[in-house]
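Data file: work_37.cif. Format and content: mmCIF, C-alpha atoms and all ligand atoms.
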```
data_my_file
loop_
_atom_site.label_atom_id
_atom_site.label_comp_id
_atom_site.auth_asym_id
_atom_site.auth_seq_id
_atom_site.Cartn_x
_atom_site.Cartn_y
_atom_site.Cartn_z
CA MET Q 1 138.65 18.07 153.42
CA SER Q 2 138.02 17.44 149.70
CA ALA Q 3 140.82 15.88 147.68
CA THR Q 4 142.68 18.07 145.16
CA PRO Q 5 141.28 17.29 141.71
CA THR Q 6 143.65 15.28 139.57
CA PHE Q 7 142.61 16.69 136.22
CA ALA Q 8 142.28 20.16 134.76
CA ALA Q 9 139.34 18.85 132.74
CA GLU Q 10 137.31 15.65 132.82
CA ILE Q 11 135.07 15.20 129.83
CA LYS Q 12 132.52 12.41 129.94
CA ASN Q 13 130.21 11.34 127.13
CA LEU Q 14 130.19 14.79 125.59
CA SER Q 15 127.92 14.89 122.54
CA VAL Q 16 126.84 17.77 120.33
CA ILE Q 17 123.93 17.06 118.05
CA CYS Q 18 122.41 19.44 115.49
CA PRO Q 19 119.31 19.10 113.33
CA GLY Q 20 120.09 17.32 110.07
CA LYS Q 21 119.13 18.45 106.59
CA PHE Q 22 115.73 20.00 105.88
CA PRO Q 23 112.95 18.73 105.77
CA PHE Q 24 113.52 15.68 108.01
CA GLY Q 25 116.40 17.00 110.10
CA ASN Q 26 114.47 17.08 113.33
CA LEU Q 27 113.16 13.52 113.09
CA PRO Q 28 114.79 10.95 115.38
CA GLY Q 29 117.78 9.39 113.65
CA CYS Q 30 118.11 12.24 111.14
CA GLU Q 31 120.07 14.60 113.39
CA LYS Q 32 123.69 15.35 112.71
CA LYS Q 33 126.19 14.21 115.35
CA ILE Q 34 128.96 16.76 115.45
CA LEU Q 35 130.56 15.15 118.50
CA ASP Q 36 129.68 11.68 119.63
CA ARG Q 37 130.34 10.63 123.24
CA ILE Q 38 133.74 12.22 123.72
CA ASN Q 39 135.64 10.98 126.78
CA LEU Q 40 138.85 12.74 127.65
CA ASN Q 41 140.83 13.76 130.72
CA LEU Q 42 143.24 16.67 130.50
CA GLU Q 43 146.07 16.53 133.01
CA LYS Q 44 147.12 19.73 134.68
CA GLY Q 45 149.85 21.65 132.92
CA VAL Q 46 150.04 19.32 129.94
CA PHE Q 47 150.02 20.54 126.32
CA TYR Q 48 147.55 18.61 124.15
CA SER Q 49 147.08 18.93 120.41
CA LEU Q 50 143.73 18.05 118.92
CA ILE Q 51 144.04 17.01 115.30
CA GLY Q 52 141.53 16.03 112.66
CA ALA Q 53 140.42 16.88 109.14
CA ASN Q 54 138.27 19.94 108.45
CA GLY Q 55 134.81 19.27 109.80
CA ALA Q 56 135.97 16.61 112.28
CA GLY Q 57 134.56 18.59 115.22
CA LYS Q 58 137.67 20.26 116.70
CA SER Q 59 136.23 23.77 116.96
CA THR Q 60 132.95 22.44 118.31
CA LEU Q 61 134.77 20.62 121.11
CA LEU Q 62 136.70 23.74 122.11
CA LYS Q 63 133.53 25.84 122.03
CA ALA Q 64 131.74 23.29 124.24
CA LEU Q 65 134.62 23.43 126.72
CA CYS Q 66 134.41 27.19 127.09
CA GLY Q 67 130.64 27.26 127.33
CA LEU Q 68 129.91 28.62 123.86
CA ARG Q 69 128.19 25.48 122.65
CA SER Q 70 125.54 23.44 124.43
CA PHE Q 71 126.19 19.73 124.76
CA SER Q 72 125.03 16.62 126.55
CA GLY Q 73 127.32 14.73 128.90
CA SER Q 74 129.49 16.28 131.58
CA VAL Q 75 132.56 18.47 131.81
CA LYS Q 76 134.38 19.06 135.05
CA ILE Q 77 137.02 21.74 135.36
CA PHE Q 78 139.37 21.14 138.28
CA GLY Q 79 136.72 18.84 139.72
CA ARG Q 80 133.77 21.26 139.38
CA ASP Q 81 130.97 21.28 136.86
CA LEU Q 82 131.74 23.57 133.90
CA LYS Q 83 128.53 25.50 134.52
CA LYS Q 84 129.65 26.31 138.05
CA VAL Q 85 133.26 27.30 137.48
CA LYS Q 86 134.27 30.88 136.99
CA ARG Q 87 134.65 31.46 133.27
CA ASN Q 88 137.91 33.32 133.78
CA ILE Q 89 139.72 30.07 134.45
CA ILE Q 90 139.45 29.14 130.74
CA GLY Q 91 141.08 31.23 128.02
CA TYR Q 92 139.93 30.82 124.44
CA SER Q 93 141.50 32.01 121.23
CA PRO Q 94 138.96 31.31 118.47
CA GLN Q 95 139.72 30.08 114.96
CA ASN Q 96 138.17 33.10 113.33
CA ASP Q 97 138.26 36.28 115.29
CA ALA Q 98 134.71 37.53 115.05
CA SER Q 99 135.53 41.10 116.09
CA ASP Q 100 134.14 43.67 113.73
CA LYS Q 101 137.22 45.21 112.14
CA ASN Q 102 135.34 48.47 111.64
CA CYS Q 103 134.76 48.76 115.34
CA PRO Q 104 136.83 51.71 116.61
CA VAL Q 105 138.80 49.64 119.11
CA SER Q 106 142.55 49.73 119.59
CA VAL Q 107 144.82 46.72 120.10
CA TYR Q 108 145.27 47.84 123.72
CA GLU Q 109 141.51 47.84 124.27
CA ALA Q 110 141.10 44.45 122.58
CA VAL Q 111 143.74 42.99 124.91
CA SER Q 112 142.05 44.67 127.90
CA VAL Q 113 139.01 42.49 127.22
CA GLY Q 114 141.06 39.70 128.82
CA ARG Q 115 140.88 41.61 132.12
CA PHE Q 116 137.09 41.89 131.87
CA ALA Q 117 136.98 38.17 131.13
CA LYS Q 118 138.96 37.69 134.33
CA ASN Q 119 137.18 40.08 136.66
CA GLY Q 120 133.76 40.66 135.14
CA ILE Q 121 132.59 43.76 133.31
CA PHE Q 122 131.41 45.68 136.35
CA ARG Q 123 134.74 46.04 138.11
CA LYS Q 124 136.77 49.18 137.62
CA PHE Q 125 139.86 48.89 135.45
CA LEU Q 126 142.65 49.15 138.02
CA GLN Q 127 146.39 49.70 137.85
CA GLU Q 128 146.94 45.95 138.21
CA ASP Q 129 144.78 45.44 135.10
CA ALA Q 130 146.79 48.01 133.16
CA ASN Q 131 149.97 46.25 134.30
CA ALA Q 132 148.68 42.85 133.17
CA VAL Q 133 147.70 44.24 129.76
CA GLN Q 134 151.07 45.95 129.37
CA LYS Q 135 152.86 42.72 130.26
CA ALA Q 136 150.75 40.70 127.80
CA LEU Q 137 151.50 43.22 125.04
CA ALA Q 138 155.21 43.01 125.80
CA LEU Q 139 155.30 39.20 125.98
CA THR Q 140 153.57 38.88 122.63
CA GLY Q 141 155.66 41.61 121.03
CA ILE Q 142 152.85 43.98 120.08
CA GLU Q 143 153.53 46.96 122.34
CA ASN Q 144 154.47 49.00 119.28
CA ILE Q 145 151.00 48.61 117.73
CA LYS Q 146 148.94 49.01 120.90
CA ASN Q 147 147.31 52.25 119.73
CA MET Q 148 146.43 50.99 116.27
CA PRO Q 149 142.79 50.26 115.44
CA ILE Q 150 142.17 46.52 115.17
CA GLY Q 151 140.90 47.05 111.62
CA ALA Q 152 144.33 48.24 110.50
CA ILE Q 153 146.56 45.43 111.75
CA SER Q 154 147.82 42.40 109.81
CA GLY Q 155 146.57 38.82 110.22
CA GLY Q 156 149.67 37.90 112.22
CA GLU Q 157 149.25 40.91 114.51
CA ALA Q 158 145.59 40.01 114.98
CA ARG Q 159 146.60 36.50 116.12
CA LYS Q 160 149.06 38.03 118.57
CA THR Q 161 146.35 40.38 119.84
CA SER Q 162 144.10 37.38 120.48
CA LEU Q 163 146.98 35.62 122.25
CA ALA Q 164 147.75 38.72 124.34
CA ARG Q 165 144.08 38.94 125.37
CA VAL Q 166 144.25 35.35 126.62
CA ILE Q 167 147.52 36.02 128.49
CA ALA Q 168 146.05 39.16 130.11
CA GLN Q 169 143.21 37.00 131.39
CA GLN Q 170 145.70 34.74 133.25
CA PRO Q 171 143.68 31.55 132.72
CA GLU Q 172 144.63 28.11 133.95
CA ILE Q 173 143.43 26.31 130.84
CA VAL Q 174 143.95 27.70 127.35
CA LEU Q 175 142.05 26.57 124.27
CA PHE Q 176 143.69 27.55 120.98
CA ASP Q 177 141.72 26.97 117.81
CA GLU Q 178 143.99 26.78 114.74
CA PRO Q 179 146.21 29.56 116.09
CA GLN Q 180 148.33 29.57 112.97
CA ALA Q 181 145.42 29.82 110.52
CA ASN Q 182 145.91 32.28 107.68
CA LEU Q 183 149.56 32.97 108.47
CA ASP Q 184 152.45 32.54 106.06
CA PRO Q 185 154.81 29.58 106.78
CA GLN Q 186 157.45 31.64 108.63
CA SER Q 187 154.83 33.47 110.72
CA LYS Q 188 153.26 30.11 111.59
CA GLN Q 189 156.56 28.87 112.99
CA ASP Q 190 157.20 32.16 114.82
CA PHE Q 191 153.74 32.10 116.31
CA MET Q 192 154.15 28.53 117.51
CA SER Q 193 157.48 29.47 119.12
CA LEU Q 194 155.68 32.28 120.93
CA ILE Q 195 152.96 29.92 122.19
CA LYS Q 196 155.70 27.57 123.38
CA VAL Q 197 157.48 30.34 125.33
CA LEU Q 198 154.22 31.42 126.97
CA TYR Q 199 153.21 27.85 127.78
CA LYS Q 200 156.56 27.26 129.47
CA LYS Q 201 156.37 30.55 131.36
CA PHE Q 202 152.82 30.21 132.66
CA ALA Q 203 152.49 26.39 132.77
CA PHE Q 204 148.80 26.45 131.84
CA THR Q 205 147.00 23.37 130.60
CA CYS Q 206 146.71 23.72 126.86
CA LEU Q 207 144.43 22.19 124.24
CA MET Q 208 145.31 23.31 120.73
CA ALA Q 209 143.24 22.34 117.72
CA THR Q 210 145.07 22.13 114.43
CA HIS Q 211 144.62 20.33 111.15
CA ASP Q 212 148.33 20.74 110.42
CA ILE Q 213 150.39 18.09 112.19
CA ASP Q 214 153.66 19.75 111.12
CA LEU Q 215 152.87 22.55 113.54
CA ILE Q 216 152.53 20.42 116.66
CA PRO Q 217 155.24 21.82 118.95
CA ASP Q 218 157.76 19.68 120.80
CA CYS Q 219 156.38 20.89 124.15
CA CYS Q 220 153.16 19.03 123.27
CA SER Q 221 153.04 15.72 125.17
CA LYS Q 222 149.75 14.27 124.02
CA VAL Q 223 147.93 14.21 120.71
CA ILE Q 224 144.22 13.49 120.37
CA MET Q 225 142.92 12.41 117.00
CA LEU Q 226 139.32 13.16 116.02
CA LYS Q 227 137.57 11.53 113.13
CA ASN Q 228 133.88 11.41 112.27
CA SER Q 229 132.83 13.04 115.57
CA LYS Q 230 134.78 10.62 117.77
CA ILE Q 231 138.19 10.38 119.38
CA VAL Q 232 139.93 7.56 117.58
CA LEU Q 233 143.31 7.83 119.28
CA GLU Q 234 144.95 9.54 122.25
CA THR Q 235 148.68 9.11 122.04
CA ASP Q 236 152.11 10.46 122.96
CA ASN Q 237 153.54 13.05 120.59
CA GLU Q 238 155.60 10.56 118.59
CA ASN Q 239 155.30 9.42 114.99
CA ILE Q 240 152.14 11.44 114.57
CA ALA Q 241 152.20 11.46 110.76
CA LYS Q 242 152.42 7.66 110.74
CA LYS Q 243 149.64 7.26 113.29
CA ALA Q 244 147.41 9.78 111.47
CA LYS Q 245 147.85 7.69 108.33
CA GLU Q 246 147.15 4.46 110.16
CA TYR Q 247 143.90 5.86 111.53
CA ASN Q 248 142.94 7.54 108.21
CA ILE Q 249 142.57 10.86 109.99
CA TYR Q 250 142.69 12.85 106.76
CA SER Q 251 140.83 10.53 104.42
N1 LIG Q 301 125.80 25.30 114.29
C1 LIG Q 301 125.96 24.27 113.47
N2 LIG Q 301 124.92 23.69 112.83
C2 LIG Q 301 125.08 22.63 112.00
N3 LIG Q 301 126.28 22.08 111.74
C3 LIG Q 301 127.36 22.62 112.35
C4 LIG Q 301 127.27 23.72 113.22
N4 LIG Q 301 128.52 24.03 113.67
C5 LIG Q 301 129.36 23.15 113.08
N5 LIG Q 301 128.66 22.31 112.29
C6 LIG Q 301 129.21 21.21 111.51
O1 LIG Q 301 129.88 20.34 112.41
C7 LIG Q 301 131.02 19.77 111.80
C8 LIG Q 301 132.24 20.04 112.66
O2 LIG Q 301 132.56 21.42 112.60
P1 LIG Q 301 133.83 22.02 113.33
O3 LIG Q 301 133.74 21.72 114.78
O4 LIG Q 301 133.92 23.46 112.94
O5 LIG Q 301 135.00 21.16 112.68
P2 LIG Q 301 136.57 21.43 112.60
O6 LIG Q 301 136.91 22.54 113.55
O7 LIG Q 301 137.21 20.14 112.97
O8 LIG Q 301 136.86 21.80 111.18
C9 LIG Q 301 131.09 20.38 110.42
O9 LIG Q 301 130.52 19.47 109.51
C10 LIG Q 301 130.27 21.63 110.52
O10 LIG Q 301 129.69 21.98 109.29
MG MG Q 302 137.78 24.34 113.22
#
```

Would it be possible to restate this file's structure as structure tokens?
Ligand SMILES: Nc1ncnc2c1ncn2[C@@H]1O[C@H](COP(=O)(O)OP(=O)(O)O)[C@@H](O)[C@H]1O
Ligand SMILES: [Mg+2]
Amino acid sequence: MSATPTFAAEIKNLSVICPGKFPFGNLPGCEKKILDRINLNLEKGVFYSLIGANGAGKSTLLKALCGLRSFSGSVKIFGRDLKKVKRNIIGYSPQNDASDKNCPVSVYEAVSVGRFAKNGIFRKFLQEDANAVQKALALTGIENIKNMPIGAISGGEARKTSLARVIAQQPEIVLFDEPQANLDPQSKQDFMSLIKVLYKKFAFTCLMATHDIDLIPDCCSKVIMLKNSKIVLETDNENIAKKAKEYNIYS
């Protein structure tokens, strides 16, 4: 019998390298290291915040973890290679929602995508899927806008739609990329409270990228600091502003 894996994710020597500037970008030594040998273990059910200045590599790391970005090194999800795990186990709420706002899709349909992420696109949409979507809409407080086209909703409602899609998927690991981006200060706080409620309810493992340390919630136990493509500190969620200063995270 194989042992139960200890970690939700084990990241070893993860690097993402892109060609550097034209005309010598492809020559050895001229490439751009976006992430440089990242080593990180995510414990099951723990809330992690990933902080770093703009351009530090936060979004790239999240994209690598959900298979949207190729990388070297290895990532194991609950003990299995990322390439071999079912994608539905990882939920991802991107920094910039790339959905075409002119696409004639309702909020309900956008949230339903979470069910296709869970079950694949070839399965019929069943009553249990409709129930999961309805529940996700209710938990995120957007039932009242479910029939609105996604092009007509506000930025805050769009973030909630993205969150509801992830909840409908019922993942075990959730990656949030700057979930409060483009919201006004009160909406940022409200949105974080909502994430906190959902994290406590579903006990998923969470990795949230943010450049704003004031928005790290108190349910977050660990903070990972990225600077110049590397993890410079993994620490408990205490005195983060002081530690960020010490490690020059924003300078
Ligand atoms: N496809 C790409 N090609 C070249 N450079 C990229 C690409 N994607 C991201 N980068 C660069 O990698 C760095 C890290 O980007 P990103 O992960 O978005 O940072 P963060 O989310 O921390 O702001 C940035 O300098 C960005 O311009
Ligand atoms: Mg980013």

Mind listing the residues within 10 Å of ligand MG 302 (chain Q), all atoms listed in the file counted, as a CSV table (one decimal) with C-alpha atoms, in the coordinates of the input?
```csv
chain,number,residue,atom,x,y,z
Q,51,ILE,CA,144.0,17.0,115.3
Q,52,GLY,CA,141.5,16.0,112.7
Q,53,ALA,CA,140.4,16.9,109.1
Q,54,ASN,CA,138.3,19.9,108.4
Q,55,GLY,CA,134.8,19.3,109.8
Q,56,ALA,CA,136.0,16.6,112.3
Q,57,GLY,CA,134.6,18.6,115.2
Q,58,LYS,CA,137.7,20.3,116.7
Q,59,SER,CA,136.2,23.8,117.0
Q,60,THR,CA,133.0,22.4,118.3
Q,61,LEU,CA,134.8,20.6,121.1
Q,62,LEU,CA,136.7,23.7,122.1
Q,63,LYS,CA,133.5,25.8,122.0
Q,94,PRO,CA,139.0,31.3,118.5
Q,95,GLN,CA,139.7,30.1,115.0
Q,96,ASN,CA,138.2,33.1,113.3
Q,177,ASP,CA,141.7,27.0,117.8
Q,178,GLU,CA,144.0,26.8,114.7
Q,181,ALA,CA,145.4,29.8,110.5
Q,209,ALA,CA,143.2,22.3,117.7
Q,210,THR,CA,145.1,22.1,114.4
Q,211,HIS,CA,144.6,20.3,111.2
```

Residue nearest Q:Pro5 among Q:Lys21, Q:Gly73, Q:Phe47, Q:Gly79 (counting all atoms listed in the file): Q:Gly79

Grab all the atoms of ligand LIG 301 (chain Q) that the file lists, wrap them in a box along x, y and z, add 4 Å per side, and give me centre plus edge lengths in Å (one decimal) as lines of an AutoDock Vina configuration file.
```
center_x = 131.1
center_y = 22.4
center_z = 112.0
size_x = 20.3
size_y = 13.8
size_z = 13.5
```

Neighbour list for Q:Asn119 as a list in words, cut-off 12 Å, only C-alpha atoms, skip fewer than 3 positions in-chain: Lys86, Arg87, Asn88, Ile89, Ser112, Val113, Gly114, Arg115, Phe116, Phe122, Arg123, Lys124, Phe125, Leu126, Glu128, Asp129, Ala168, Gln169, Gln170 and Pro171 of chain Q

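Within 8 Å of the point (150.7, 30.2, 120.2) in file coordinates, and counting all atoms listed in the file, lie the residues Leu163, Phe176, Pro179, Gln180, Phe191, Met192, Ser193, Leu194, Ile195, Lys196 and Leu198 of chain Q.
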
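You will find atom CA of Q:Ile142 at 7.2 Å from atom CA of Q:Lys160.
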
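Reported to one decimal place, the separation of atom CA of Q:Pro19 from atom CA of Q:Leu226 is 21.0 Å.
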
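The smallest atom-to-atom distance between Q:Asp190 and any of Q:Pro217, Q:Gly151, Q:Pro23, Q:Gly45, using all atoms listed in the file, is found for Q:Pro217.
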
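Of the listed residues (Q:Asn26, Q:Ser154, Q:Ser229, Q:Asn182), Q:Ser229 comes nearest to Q:Ile249; the distances count only C-alpha atoms.
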
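Counting all atoms listed in the file and comparing Q:Ile231, Q:Cys220, Q:Val166, Q:Leu82, the residue that lies closest to Q:Asn39 is Q:Ile231.
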
Surrounding residues of Q:Lys146 excluding itself and chain neighbours under 4 positions, 12 Å, all atoms listed in the file, as a ChimeraX atom specification: /Q:105-112,133-138,140-142,150,152-153,157-158,160-161,164

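Minimum atom-to-atom distance to Q:Thr6, evaluated using only C-alpha atoms, belongs to Q:Ile77 out of Q:Ala117, Q:Ile77, Q:Cys18, Q:Leu50.
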
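Atom CA of Q:Ile17 is found 8.0 Å from atom CA of Q:Asp36.
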
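Between Q:Asp184 and the residues Q:Gly156, Q:Ala130, Q:Ala64, Q:Cys206, the shortest atom-to-atom distance, using all atoms listed in the file, involves Q:Gly156.
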
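The environment of stretch 221-223 of chain Q within 7 Å, counting only C-alpha atoms and disregarding residues fewer than 3 places along the same chain, consists of Val46, Phe47, Tyr48, Ser49, Leu50, Glu234, Thr235, Asp236 and Asn237 of chain Q.
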
Test item: residues at most 6 Å from Q:Ala8, all atoms listed in the file, excluding those fewer than 2 positions along its chain, as a PyMOL selection string: chain Q and resi 42-44+77-78
